[in-house]
file input_19.cif (mmCIF, C-alpha atoms)
data_run
#
loop_
_atom_site.label_atom_id
_atom_site.label_comp_id
_atom_site.auth_asym_id
_atom_site.auth_seq_id
_atom_site.Cartn_x
_atom_site.Cartn_y
_atom_site.Cartn_z
CA MET A 3 14.64 34.05 -27.14
CA SER A 4 13.89 33.71 -30.84
CA ALA A 5 11.83 30.88 -32.34
CA MET A 6 14.80 30.07 -34.55
CA GLU A 7 17.03 29.53 -31.55
CA MET A 8 14.33 27.55 -29.72
CA LYS A 9 14.08 25.14 -32.66
CA GLY A 10 17.75 24.32 -32.17
CA TYR A 11 16.93 22.94 -28.73
CA PHE A 12 13.44 21.60 -29.42
CA PRO A 13 13.24 19.85 -32.82
CA MET A 14 9.48 19.39 -32.26
CA TRP A 15 8.99 23.17 -31.93
CA GLU A 16 6.52 23.35 -34.86
CA LYS A 17 4.23 20.91 -33.06
CA LEU A 18 3.64 23.33 -30.19
CA THR A 19 0.70 25.72 -30.44
CA ALA A 20 1.44 29.39 -31.19
CA ALA A 21 0.50 30.22 -27.58
CA GLN A 22 2.89 27.60 -26.19
CA GLN A 23 5.70 28.84 -28.43
CA THR A 24 5.19 32.40 -27.25
CA GLU A 25 5.04 31.36 -23.62
CA LEU A 26 8.30 29.39 -23.80
CA SER A 27 10.16 32.07 -25.78
CA THR A 28 9.03 34.84 -23.45
CA ALA A 29 9.83 32.94 -20.26
CA ALA A 30 13.39 32.02 -21.28
CA TYR A 31 16.08 34.35 -20.00
CA LYS A 32 19.84 34.42 -20.29
CA GLN A 33 22.28 33.43 -17.55
CA SER A 34 26.06 33.38 -17.43
CA PHE A 35 28.27 31.20 -15.26
CA GLY A 36 31.95 31.58 -14.67
CA LYS A 37 34.26 28.57 -14.83
CA GLY A 38 33.94 26.63 -11.57
CA GLN A 39 30.63 28.24 -10.59
CA LEU A 40 27.90 26.06 -9.10
CA VAL A 41 24.86 26.10 -11.42
CA HIS A 42 22.59 23.81 -9.45
CA SER A 43 22.87 21.93 -6.19
CA GLY A 44 20.72 19.04 -5.01
CA ALA A 45 16.96 18.54 -4.93
CA ALA A 46 15.94 21.55 -2.82
CA ASP A 47 16.85 23.76 -5.72
CA CYS A 48 14.42 23.61 -8.69
CA THR A 49 15.48 26.51 -10.85
CA GLY A 50 14.40 25.33 -14.25
CA LEU A 51 15.79 23.90 -17.46
CA PHE A 52 19.10 25.21 -18.72
CA LEU A 53 19.62 25.28 -22.47
CA VAL A 54 23.37 25.45 -23.01
CA GLN A 55 24.31 28.07 -25.60
CA SER A 56 28.08 27.85 -25.16
CA GLY A 57 30.49 26.41 -22.63
CA GLN A 58 30.45 23.14 -20.70
CA LEU A 59 28.59 21.85 -17.64
CA ARG A 60 29.43 18.90 -15.43
CA ALA A 61 26.72 16.91 -13.63
CA TYR A 62 27.98 15.02 -10.59
CA ILE A 63 26.94 13.45 -7.31
CA VAL A 64 28.50 13.93 -3.91
CA SER A 65 28.79 11.38 -1.09
CA ASP A 66 28.13 12.14 2.59
CA GLU A 67 31.91 12.37 3.00
CA GLY A 68 32.24 14.88 0.17
CA ARG A 69 33.57 12.49 -2.48
CA GLU A 70 32.42 13.24 -6.01
CA ILE A 71 31.88 11.42 -9.29
CA THR A 72 31.03 12.96 -12.66
CA ILE A 73 27.81 11.49 -14.05
CA TYR A 74 27.73 13.20 -17.44
CA ARG A 75 28.56 16.46 -19.18
CA LEU A 76 26.50 18.95 -21.12
CA PHE A 77 27.72 20.88 -24.14
CA GLU A 78 26.42 23.45 -26.59
CA ARG A 79 22.79 22.71 -27.60
CA ASP A 80 22.26 20.30 -24.68
CA ILE A 81 19.32 20.65 -22.32
CA CYS A 82 19.86 20.26 -18.61
CA LEU A 83 16.75 18.56 -17.20
CA PHE A 84 17.68 17.69 -13.65
CA SER A 85 18.08 21.30 -12.59
CA ALA A 86 14.27 21.22 -12.91
CA SER A 87 13.75 17.92 -11.11
CA CYS A 88 10.52 19.20 -9.52
CA ILE A 89 8.80 18.87 -12.92
CA MET A 90 8.56 15.13 -12.13
CA HIS A 91 7.64 13.58 -8.79
CA SER A 92 9.61 10.43 -9.43
CA ILE A 93 13.03 12.05 -9.68
CA GLN A 94 14.35 11.00 -6.30
CA PHE A 95 18.02 11.82 -6.51
CA ASP A 96 20.22 14.85 -6.14
CA ILE A 97 22.52 15.93 -8.89
CA SER A 98 24.85 18.90 -8.66
CA ILE A 99 25.88 20.86 -11.72
CA GLU A 100 28.84 23.16 -12.15
CA ALA A 101 30.29 25.14 -15.03
CA GLU A 102 33.53 23.55 -16.25
CA LYS A 103 34.09 26.37 -18.68
CA ASN A 104 32.56 29.85 -18.88
CA THR A 105 28.99 29.05 -19.87
CA GLU A 106 26.11 30.98 -21.42
CA ALA A 107 22.70 29.37 -21.01
CA TRP A 108 19.02 30.09 -21.40
CA LEU A 109 16.92 29.32 -18.36
CA ILE A 110 13.28 28.23 -18.69
CA PRO A 111 11.56 28.41 -15.28
CA ALA A 112 10.38 24.98 -14.08
CA GLU A 113 6.71 25.92 -13.59
CA VAL A 114 6.39 27.31 -17.14
CA TYR A 115 7.94 24.20 -18.66
CA LYS A 116 5.90 21.85 -16.51
CA GLN A 117 2.64 23.54 -17.47
CA ILE A 118 3.30 23.25 -21.20
CA MET A 119 4.62 19.70 -20.89
CA THR A 120 1.39 18.68 -19.13
CA ASP A 121 -0.66 19.81 -22.12
CA SER A 122 1.67 19.04 -25.01
CA ALA A 123 2.30 15.43 -26.06
CA PRO A 124 5.17 16.46 -28.39
CA LEU A 125 6.98 18.30 -25.57
CA ALA A 126 6.35 15.47 -23.09
CA ASN A 127 7.68 12.91 -25.56
CA TYR A 128 10.71 15.04 -26.30
CA THR A 129 11.39 15.39 -22.57
CA ASN A 130 11.22 11.60 -22.44
CA GLU A 131 13.93 11.40 -25.06
CA ILE A 132 16.17 13.81 -23.13
CA MET A 133 15.77 11.74 -19.98
CA ALA A 134 16.43 8.51 -21.88
CA SER A 135 19.70 10.01 -23.20
CA ARG A 136 20.87 10.85 -19.69
CA PHE A 137 19.73 7.44 -18.50
CA SER A 138 21.87 5.84 -21.24
CA GLU A 139 24.89 7.83 -20.07
CA VAL A 140 24.39 6.70 -16.48
CA MET A 141 24.02 3.07 -17.57
CA TRP A 142 27.26 3.42 -19.50
CA LEU A 143 28.87 4.72 -16.30
CA VAL A 144 27.52 1.75 -14.30
CA GLU A 145 29.07 -0.63 -16.83
CA GLN A 146 32.36 1.27 -16.60
CA ILE A 147 32.54 1.13 -12.81
CA MET A 148 31.37 -2.45 -12.62
CA TRP A 149 33.30 -4.17 -15.37
CA LYS A 150 36.31 -1.96 -16.11
CA SER A 151 39.44 -1.86 -14.01
CA PHE A 152 40.68 1.57 -12.88
CA ASP A 153 43.64 1.69 -15.28
CA ARG A 154 41.33 1.24 -18.29
CA ARG A 155 38.86 3.85 -17.01
CA LEU A 156 41.68 6.34 -16.33
CA ALA A 157 43.15 5.84 -19.82
CA GLY A 158 39.68 6.45 -21.29
CA PHE A 159 39.18 9.55 -19.15
CA LEU A 160 42.51 11.11 -20.20
CA LEU A 161 41.76 10.53 -23.89
CA GLU A 162 38.27 12.03 -23.53
CA GLU A 163 39.65 15.11 -21.75
CA SER A 164 42.30 15.50 -24.41
CA ALA A 165 39.63 15.38 -27.15
CA LEU A 166 37.40 17.89 -25.28
CA GLU A 167 40.25 20.34 -24.71
CA SER A 168 41.87 19.71 -28.12
CA THR A 169 45.30 19.33 -26.55
CA ALA A 170 47.63 16.57 -25.38
CA LYS A 171 48.73 18.75 -22.44
CA LEU A 172 45.98 18.60 -19.84
CA LYS A 173 45.99 21.25 -17.15
CA ILE A 174 44.39 19.11 -14.48
CA THR A 175 45.30 18.12 -10.92
CA HIS A 176 45.25 14.54 -9.62
CA GLU A 177 42.65 15.68 -7.11
CA LEU A 178 40.31 16.87 -9.87
CA ILE A 179 40.73 13.63 -11.83
CA GLY A 180 39.76 11.84 -8.61
CA LYS A 181 36.61 13.95 -8.37
CA HIS A 182 35.60 13.09 -11.91
CA MET A 183 36.16 9.39 -11.38
CA GLY A 184 34.96 9.00 -7.80
CA THR A 185 38.41 7.93 -6.60
CA ALA A 186 40.87 9.12 -3.96
CA ARG A 187 43.70 11.38 -5.14
CA GLU A 188 46.34 8.86 -3.99
CA VAL A 189 44.90 6.18 -6.25
CA VAL A 190 45.05 8.55 -9.22
CA THR A 191 48.64 9.56 -8.45
CA ARG A 192 49.74 5.95 -8.16
CA MET A 193 48.17 4.96 -11.49
CA LEU A 194 49.50 8.06 -13.29
CA SER A 195 53.03 7.26 -12.05
CA TYR A 196 52.61 3.78 -13.48
CA PHE A 197 51.39 5.28 -16.79
CA GLN A 198 54.48 7.51 -16.79
CA SER A 199 56.80 4.56 -16.23
CA GLU A 200 55.11 2.89 -19.22
CA GLY A 201 55.73 6.00 -21.36
CA MET A 202 52.05 6.83 -21.82
CA VAL A 203 52.08 10.18 -19.99
CA LYS A 204 54.54 12.76 -18.71
CA LEU A 205 53.72 14.37 -15.37
CA SER A 206 54.60 17.84 -14.16
CA ARG A 207 53.05 20.26 -11.65
CA GLY A 208 49.30 20.63 -12.40
CA MET A 209 49.79 19.02 -15.81
CA VAL A 210 49.38 15.60 -17.42
CA GLU A 211 50.80 15.32 -20.92
CA LEU A 212 49.62 12.42 -23.08
CA THR A 213 52.77 11.13 -24.76
CA ASN A 214 51.45 7.89 -26.27
CA LYS A 215 47.78 8.08 -27.20
CA ASP A 216 47.86 4.81 -29.14
CA LYS A 217 48.98 2.88 -26.09
CA LEU A 218 46.43 4.67 -23.90
CA GLY A 219 43.76 3.90 -26.50
CA LYS A 220 44.61 0.21 -26.56
CA LEU A 221 44.49 0.10 -22.77
CA ALA A 222 41.12 1.87 -22.66
CA GLU A 223 39.62 -0.44 -25.28
CA ARG A 224 41.00 -3.66 -23.82
CA MET B 21 -8.04 -6.44 -20.00
CA SER B 22 -10.70 -4.53 -18.09
CA ALA B 23 -10.65 -0.74 -17.67
CA MET B 24 -10.73 -1.30 -13.92
CA GLU B 25 -7.49 -3.29 -14.08
CA MET B 26 -5.89 -0.79 -16.47
CA LYS B 27 -6.53 2.02 -14.00
CA GLY B 28 -4.44 0.14 -11.46
CA TYR B 29 -1.43 0.52 -13.75
CA PHE B 30 -2.26 3.86 -15.33
CA PRO B 31 -3.61 6.35 -12.75
CA MET B 32 -4.21 8.84 -15.59
CA TRP B 33 -6.52 6.36 -17.39
CA GLU B 34 -9.52 8.73 -17.35
CA LYS B 35 -7.50 11.30 -19.29
CA LEU B 36 -7.19 9.01 -22.30
CA THR B 37 -9.86 9.24 -24.98
CA ALA B 38 -12.43 6.43 -25.20
CA ALA B 39 -10.76 5.24 -28.40
CA GLN B 40 -7.32 5.16 -26.75
CA GLN B 41 -8.72 3.26 -23.78
CA THR B 42 -10.29 0.67 -26.05
CA GLU B 43 -7.15 0.31 -28.10
CA LEU B 44 -4.92 -0.29 -25.07
CA SER B 45 -7.36 -2.68 -23.38
CA THR B 46 -7.84 -4.69 -26.55
CA ALA B 47 -4.14 -4.89 -27.38
CA ALA B 48 -3.08 -6.15 -23.93
CA TYR B 49 -2.73 -9.91 -23.62
CA LYS B 50 -1.70 -12.21 -20.81
CA GLN B 51 1.66 -13.93 -20.51
CA SER B 52 3.06 -16.31 -17.91
CA PHE B 53 6.69 -16.87 -17.01
CA GLY B 54 8.11 -19.64 -14.89
CA LYS B 55 10.67 -18.90 -12.20
CA GLY B 56 14.06 -18.38 -13.86
CA GLN B 57 12.61 -17.79 -17.32
CA LEU B 58 14.10 -15.02 -19.49
CA VAL B 59 11.43 -12.38 -20.16
CA HIS B 60 13.49 -10.00 -22.25
CA SER B 61 17.03 -9.91 -23.50
CA GLY B 62 18.94 -6.90 -24.81
CA ALA B 63 18.02 -4.23 -27.32
CA ALA B 64 17.28 -6.40 -30.35
CA ASP B 65 14.17 -7.57 -28.60
CA CYS B 66 11.37 -4.98 -28.40
CA THR B 67 8.40 -6.99 -27.25
CA GLY B 68 6.40 -4.35 -25.45
CA LEU B 69 5.50 -3.16 -21.98
CA PHE B 70 4.91 -5.74 -19.30
CA LEU B 71 2.41 -4.89 -16.59
CA VAL B 72 3.20 -7.19 -13.67
CA GLN B 73 0.06 -8.78 -12.23
CA SER B 74 1.77 -11.13 -9.79
CA GLY B 75 5.27 -12.45 -9.21
CA GLN B 76 8.65 -10.74 -9.39
CA LEU B 77 10.98 -9.69 -12.22
CA ARG B 78 14.67 -8.85 -12.06
CA ALA B 79 16.26 -6.33 -14.43
CA TYR B 80 20.01 -6.78 -14.85
CA ILE B 81 22.93 -6.08 -17.13
CA VAL B 82 25.55 -8.54 -18.35
CA SER B 83 29.22 -7.84 -19.09
CA ASP B 84 31.09 -9.21 -22.12
CA GLU B 85 32.54 -11.83 -19.79
CA GLY B 86 29.08 -12.89 -18.60
CA ARG B 87 29.17 -11.17 -15.21
CA GLU B 88 25.83 -9.81 -14.01
CA ILE B 89 24.48 -7.12 -11.72
CA THR B 90 20.87 -6.56 -10.72
CA ILE B 91 19.72 -3.04 -11.61
CA TYR B 92 16.24 -3.08 -10.10
CA ARG B 93 13.27 -5.35 -9.48
CA LEU B 94 9.65 -5.17 -10.52
CA PHE B 95 6.74 -6.31 -8.40
CA GLU B 96 2.96 -6.52 -8.61
CA ARG B 97 1.48 -3.38 -10.29
CA ASP B 98 4.87 -2.30 -11.69
CA ILE B 99 5.31 -1.48 -15.37
CA CYS B 100 8.35 -2.75 -17.22
CA LEU B 101 9.34 -0.08 -19.73
CA PHE B 102 12.72 -1.21 -21.02
CA SER B 103 11.32 -4.36 -22.60
CA ALA B 104 9.86 -1.82 -25.05
CA SER B 105 13.01 0.26 -25.47
CA CYS B 106 12.22 0.86 -29.17
CA ILE B 107 9.47 3.28 -28.12
CA MET B 108 12.28 5.81 -27.55
CA HIS B 109 15.29 6.37 -29.79
CA SER B 110 17.47 7.59 -26.97
CA ILE B 111 17.43 4.38 -24.94
CA GLN B 112 20.92 3.19 -25.80
CA PHE B 113 21.49 0.38 -23.36
CA ASP B 114 20.60 -3.27 -23.05
CA ILE B 115 18.77 -4.56 -20.06
CA SER B 116 17.87 -8.20 -19.55
CA ILE B 117 14.85 -9.23 -17.54
CA GLU B 118 14.11 -12.57 -15.95
CA ALA B 119 11.33 -13.92 -13.74
CA GLU B 120 12.57 -14.42 -10.19
CA LYS B 121 9.27 -15.97 -9.17
CA ASN B 122 6.44 -17.40 -11.28
CA THR B 123 5.05 -14.28 -12.88
CA GLU B 124 1.77 -13.33 -14.56
CA ALA B 125 1.92 -10.18 -16.69
CA TRP B 126 -0.05 -8.28 -19.27
CA LEU B 127 1.84 -7.41 -22.41
CA ILE B 128 1.07 -4.26 -24.41
CA PRO B 129 2.77 -4.41 -27.83
CA ALA B 130 5.37 -1.64 -28.28
CA GLU B 131 3.87 -0.18 -31.47
CA VAL B 132 0.40 0.19 -29.91
CA TYR B 133 1.81 1.92 -26.85
CA LYS B 134 4.10 4.17 -28.85
CA GLN B 135 1.26 5.31 -31.10
CA ILE B 136 -0.94 6.33 -28.17
CA MET B 137 1.94 7.93 -26.28
CA THR B 138 2.73 10.09 -29.33
CA ASP B 139 -0.78 11.55 -29.25
CA SER B 140 -1.54 11.59 -25.55
CA ALA B 141 0.20 14.10 -23.26
CA PRO B 142 -1.12 12.33 -20.12
CA LEU B 143 0.34 8.97 -21.22
CA ALA B 144 3.64 10.55 -22.31
CA ASN B 145 3.95 12.34 -18.96
CA TYR B 146 3.11 9.18 -17.06
CA THR B 147 5.75 7.28 -19.07
CA ASN B 148 8.16 10.02 -18.02
CA GLU B 149 7.35 9.34 -14.38
CA ILE B 150 7.96 5.60 -14.83
CA MET B 151 11.33 6.27 -16.41
CA ALA B 152 12.25 8.77 -13.68
CA SER B 153 11.49 6.09 -11.05
CA ARG B 154 13.82 3.59 -12.71
CA PHE B 155 16.42 6.33 -13.15
CA SER B 156 16.21 7.02 -9.40
CA GLU B 157 16.80 3.34 -8.66
CA VAL B 158 19.85 3.27 -10.91
CA MET B 159 21.24 6.44 -9.29
CA TRP B 160 20.76 4.78 -5.90
CA LEU B 161 22.74 1.80 -7.23
CA VAL B 162 25.55 4.08 -8.46
CA GLU B 163 25.80 5.62 -4.99
CA GLN B 164 25.88 2.15 -3.43
CA ILE B 165 28.68 0.89 -5.66
CA MET B 166 30.67 4.11 -5.44
CA TRP B 167 30.46 5.01 -1.78
CA LYS B 168 29.58 1.81 0.10
CA SER B 169 32.06 -0.92 0.92
CA PHE B 170 31.12 -4.48 -0.05
CA ASP B 171 30.37 -5.64 3.52
CA ARG B 172 27.74 -2.91 3.94
CA ARG B 173 26.18 -3.61 0.54
CA LEU B 174 26.04 -7.35 1.27
CA ALA B 175 24.41 -6.79 4.68
CA GLY B 176 21.81 -4.57 2.98
CA PHE B 177 21.21 -7.13 0.24
CA LEU B 178 20.63 -9.98 2.73
CA LEU B 179 18.14 -7.88 4.72
CA GLU B 180 16.27 -6.88 1.56
CA GLU B 181 16.07 -10.49 0.38
CA SER B 182 14.85 -11.54 3.80
CA ALA B 183 12.10 -8.90 3.70
CA LEU B 184 11.07 -9.87 0.13
CA GLU B 185 10.91 -13.58 0.95
CA SER B 186 9.46 -13.05 4.46
CA THR B 187 11.96 -15.44 5.99
CA ALA B 188 15.28 -15.34 7.80
CA LYS B 189 16.35 -18.53 6.00
CA LEU B 190 17.34 -17.56 2.47
CA LYS B 191 17.57 -20.32 -0.11
CA ILE B 192 20.25 -18.70 -2.22
CA THR B 193 23.67 -19.72 -3.49
CA HIS B 194 26.82 -17.61 -3.17
CA GLU B 195 26.98 -17.59 -6.96
CA LEU B 196 23.51 -16.05 -7.25
CA ILE B 197 24.31 -13.39 -4.64
CA GLY B 198 27.37 -12.57 -6.76
CA LYS B 199 25.14 -12.16 -9.84
CA HIS B 200 22.86 -9.75 -8.03
CA MET B 201 25.74 -7.68 -6.73
CA GLY B 202 28.09 -7.82 -9.71
CA THR B 203 30.77 -9.61 -7.70
CA ALA B 204 32.71 -12.88 -8.05
CA ARG B 205 31.42 -15.87 -6.05
CA GLU B 206 34.70 -16.13 -4.10
CA VAL B 207 34.32 -12.57 -2.80
CA VAL B 208 30.79 -13.36 -1.59
CA THR B 209 31.92 -16.59 0.10
CA ARG B 210 34.76 -14.83 1.89
CA MET B 211 32.52 -12.06 3.21
CA LEU B 212 29.76 -14.47 4.27
CA SER B 213 32.31 -16.53 6.21
CA TYR B 214 33.36 -13.34 7.98
CA PHE B 215 29.68 -12.54 8.71
CA GLN B 216 29.33 -16.07 10.14
CA SER B 217 32.36 -15.61 12.37
CA GLU B 218 30.73 -12.40 13.64
CA GLY B 219 27.50 -14.30 14.42
CA MET B 220 25.41 -12.41 11.86
CA VAL B 221 24.59 -15.39 9.61
CA LYS B 222 24.69 -19.17 9.66
CA LEU B 223 25.75 -20.88 6.44
CA SER B 224 24.72 -24.29 5.14
CA ARG B 225 24.43 -25.84 1.68
CA GLY B 226 22.42 -23.50 -0.60
CA MET B 227 21.21 -21.55 2.44
CA VAL B 228 22.08 -18.37 4.31
CA GLU B 229 20.28 -17.92 7.63
CA LEU B 230 20.19 -14.43 9.11
CA THR B 231 20.88 -14.95 12.81
CA ASN B 232 21.43 -11.34 13.92
CA LYS B 233 19.40 -8.88 11.87
CA ASP B 234 20.12 -5.98 14.23
CA LYS B 235 23.84 -6.31 13.71
CA LEU B 236 23.40 -6.67 9.94
CA GLY B 237 21.16 -3.61 9.98
CA LYS B 238 23.73 -1.54 11.84
CA LEU B 239 26.41 -2.62 9.38
CA ALA B 240 24.22 -1.78 6.36
CA GLU B 241 23.33 1.64 7.74
CA ARG B 242 26.84 2.57 8.82
#
call {"tool": "encode", "arguments": {"input": "input_19.cif", "output": "structure tokens"}}
result
Amino acid sequence: MSAMEMKGYFPMWEKLTAAQQTELSTAAYKQSFGKGQLVHSGAADCTGLFLVQSGQLRAYIVSDEGREITIYRLFERDICLFSASCIMHSIQFDISIEAEKNTEAWLIPAEVYKQIMTDSAPLANYTNEIMASRFSEVMWLVEQIMWKSFDRRLAGFLLEESALESTAKLKITHELIGKHMGTAREVVTRMLSYFQSEGMVKLSRGMVELTNKDKLGKLAER
Amino acid sequence: MSAMEMKGYFPMWEKLTAAQQTELSTAAYKQSFGKGQLVHSGAADCTGLFLVQSGQLRAYIVSDEGREITIYRLFERDICLFSASCIMHSIQFDISIEAEKNTEAWLIPAEVYKQIMTDSAPLANYTNEIMASRFSEVMWLVEQIMWKSFDRRLAGFLLEESALESTAKLKITHELIGKHMGTAREVVTRMLSYFQSEGMVKLSRGMVELTNKDKLGKLAER
């Protein structure tokens, strides 16, 4: 991987020594994931850091009963830290990561990254910033689940999906929405039917069309 | 603060330079908080890192409507990082911290800590580990709220309180339990009455007595 590209992921690149730069660039190799493919699963697996070049990843947790909730998403130029959770002892939780779209990523093996992070204050501090960003996203999620009713969360989710996909016609099943939000499919179906009766969406097989974004927006913000 | 004491908080103390050690030790000063006192509130406030010498702190978030939920607790030898959230740009959430018991703590001003962390890989990596620990606690909380029903969470909370206070007779109001768990007082009262009818607790004014810990334990673990 070129130094130029590396700088796009690591703004503190110039503060690494020449040897560290070479080591990171040489160790990074390209991986491709098809839509729906599992990129990382749980704590046993400590592949390394993924640097997303294109596509979209979803980080989620799974309950003992197989229920899921999306924790955050990673886009172009994002760094996926928890697929290398073994670089820190204190990471005591299991996150799964799957490709939501076809994804190209650079992989830096965990042991290489850990070694350089141990010696380099700039890289350690930057890693701190990445973790703090993810932490902020999880705290936002906690506030959502704790203080927001399901109708407001669902309205917010539909608008976010619509922005991500650049379309008002979402190809998404009620089951998948449930997996993102940590909710049973039935609960999603019931709320979507209510949204339809209020003129905010139009439902058809495998599709949710947003027909009144203003109203959804007001509900989400309320 | 003595180097000996500092080592108790920072296991990587010997890897700091002599100058860094002196700077940290000299900058740290003692603070006392009475039970119930607010130690830190929101993002505006960037006091510094608290090193807990004795007592107990509670970190919590507050909704716009004033509802609360406890995020984690800090005990003797713990380091409170988010009272110095300005040391990292990417910390984009507000945590409040209050003393649950009379607490003695050392305070290291944020700017002093940040300066040394910028230069020292060992301190930056150790700060990473502290943040990863808190992150793990928050992920545990997310799993609790998402996958566990309220009766199981409440049983777990009562057992934890009982262990922390070393007594089966908890001096705690239903309102305060609600604040820890992010739930309305009425919901707590209803569930505690059910627990009482099942012989697991005995309720009296400002007091919850755990009368069948085995049964509570089985409920919490279920």
call {"tool": "residues_around", "arguments": {"input": "input_19.cif", "residues": "Gly219 in chain B", "least_positions_apart": "4", "cutoff": "12 Å", "atoms": "all atoms listed in the file", "output": "short mmCIF file (atom, residue, chain, number, x, y, z; two decimals) with C-alpha atoms, keeping the file's coordinate frame"}}
result
data_model
loop_
_atom_site.label_atom_id
_atom_site.label_comp_id
_atom_site.auth_asym_id
_atom_site.auth_seq_id
_atom_site.Cartn_x
_atom_site.Cartn_y
_atom_site.Cartn_z
CA LEU B 212 29.76 -14.47 4.27
CA SER B 213 32.31 -16.53 6.21
CA TYR B 214 33.36 -13.34 7.98
CA PHE B 215 29.68 -12.54 8.71
CA LEU B 223 25.75 -20.88 6.44
CA GLU B 229 20.28 -17.92 7.63
CA LEU B 230 20.19 -14.43 9.11
CA THR B 231 20.88 -14.95 12.81
CA ASN B 232 21.43 -11.34 13.92
CA LYS B 233 19.40 -8.88 11.87
CA ASP B 234 20.12 -5.98 14.23
CA LYS B 235 23.84 -6.31 13.71
CA LEU B 236 23.40 -6.67 9.94
#
call {"tool": "atom_distance", "arguments": {"input": "input_19.cif", "atom1": "CA of Glu96 in chain B", "atom2": "CA of Ala47 in chain B"}}
result
20.1 Å
call {"tool": "closest_atom_pairs", "arguments": {"input": "input_19.cif", "of": "range 40-108 of chain A", "to": "range 133-145 of chain B", "cutoff": "12 Å", "atoms": "all atoms listed in the file", "output": "JSON lines"}}
result
{"residue": "A:Ile89", "atom": "CA", "partner": "B:Asn145", "partner_atom": "CA", "distance": 10.1}
{"residue": "A:Met90", "atom": "CA", "partner": "B:Asn145", "partner_atom": "CA", "distance": 8.7}
{"residue": "A:His91", "atom": "CA", "partner": "B:Asn145", "partner_atom": "CA", "distance": 10.9}
{"residue": "A:Ser92", "atom": "CA", "partner": "B:Asn145", "partner_atom": "CA", "distance": 11.2}
call {"tool": "atom_distance", "arguments": {"input": "input_19.cif", "atom1": "CA of Glu241 in chain B", "atom2": "CA of Ile91 in chain B"}}
result
20.2 Å
call {"tool": "interface_residues", "arguments": {"input": "input_19.cif", "of": "chain A", "to": "chain B", "cutoff": "9 Å", "atoms": "only C-alpha atoms", "output": "compact mmCIF listing (two decimals) with C-alpha atoms, in the coordinates of the input"}}
result
# COMPACT_ATOMS: atom_id res chain seq x y z
CA ILE A 63 26.94 13.45 -7.31
CA VAL A 64 28.50 13.93 -3.91
CA SER A 65 28.79 11.38 -1.09
CA ASP A 66 28.13 12.14 2.59
CA GLU A 67 31.91 12.37 3.00
CA ARG A 69 33.57 12.49 -2.48
CA ILE A 71 31.88 11.42 -9.29
CA MET A 90 8.56 15.13 -12.13
CA HIS A 91 7.64 13.58 -8.79
CA SER A 92 9.61 10.43 -9.43
CA ILE A 93 13.03 12.05 -9.68
CA GLN A 94 14.35 11.00 -6.30
CA PHE A 95 18.02 11.82 -6.51
CA MET A 119 4.62 19.70 -20.89
CA THR A 120 1.39 18.68 -19.13
CA ASP A 121 -0.66 19.81 -22.12
CA SER A 122 1.67 19.04 -25.01
CA ALA A 123 2.30 15.43 -26.06
CA PRO A 124 5.17 16.46 -28.39
CA LEU A 125 6.98 18.30 -25.57
CA ALA A 126 6.35 15.47 -23.09
CA ASN A 127 7.68 12.91 -25.56
CA THR A 129 11.39 15.39 -22.57
CA ASN A 130 11.22 11.60 -22.44
CA GLU A 131 13.93 11.40 -25.06
CA ILE A 132 16.17 13.81 -23.13
CA MET A 133 15.77 11.74 -19.98
CA ALA A 134 16.43 8.51 -21.88
CA SER A 135 19.70 10.01 -23.20
CA ARG A 136 20.87 10.85 -19.69
CA PHE A 137 19.73 7.44 -18.50
CA SER A 138 21.87 5.84 -21.24
CA GLU A 139 24.89 7.83 -20.07
CA VAL A 140 24.39 6.70 -16.48
CA MET A 141 24.02 3.07 -17.57
CA TRP A 142 27.26 3.42 -19.50
CA LEU A 143 28.87 4.72 -16.30
CA VAL A 144 27.52 1.75 -14.30
CA GLU A 145 29.07 -0.63 -16.83
CA ILE A 147 32.54 1.13 -12.81
CA MET A 148 31.37 -2.45 -12.62
CA TRP A 149 33.30 -4.17 -15.37
CA GLY A 184 34.96 9.00 -7.80
CA THR A 185 38.41 7.93 -6.60
call {"tool": "residues_around", "arguments": {"input": "input_19.cif", "residues": "Ala204 in chain B", "least_positions_apart": "4", "cutoff": "10 Å", "atoms": "all atoms listed in the file", "output": "PyMOL selection string"}}
result
chain B and resi 87-88+194-199+208-209
call {"tool": "residues_near_point", "arguments": {"input": "input_19.cif", "point": "(0.3, -12.5, -20.0)", "cutoff": "12 Å", "atoms": "only C-alpha atoms", "output": "JSON, numbers by chain"}}
result
{"B": [21, 47, 48, 49, 50, 51, 52, 53, 54, 59, 68, 69, 70, 71, 72, 73, 74, 75, 122, 123, 124, 125, 126, 127, 128, 129]}
call {"tool": "closest_residue", "arguments": {"input": "input_19.cif", "among": "A:Asp153, A:Val114, A:Leu40, A:Glu102", "to": "Gln23 in chain A", "atoms": "only C-alpha atoms"}}
result
A:Val114
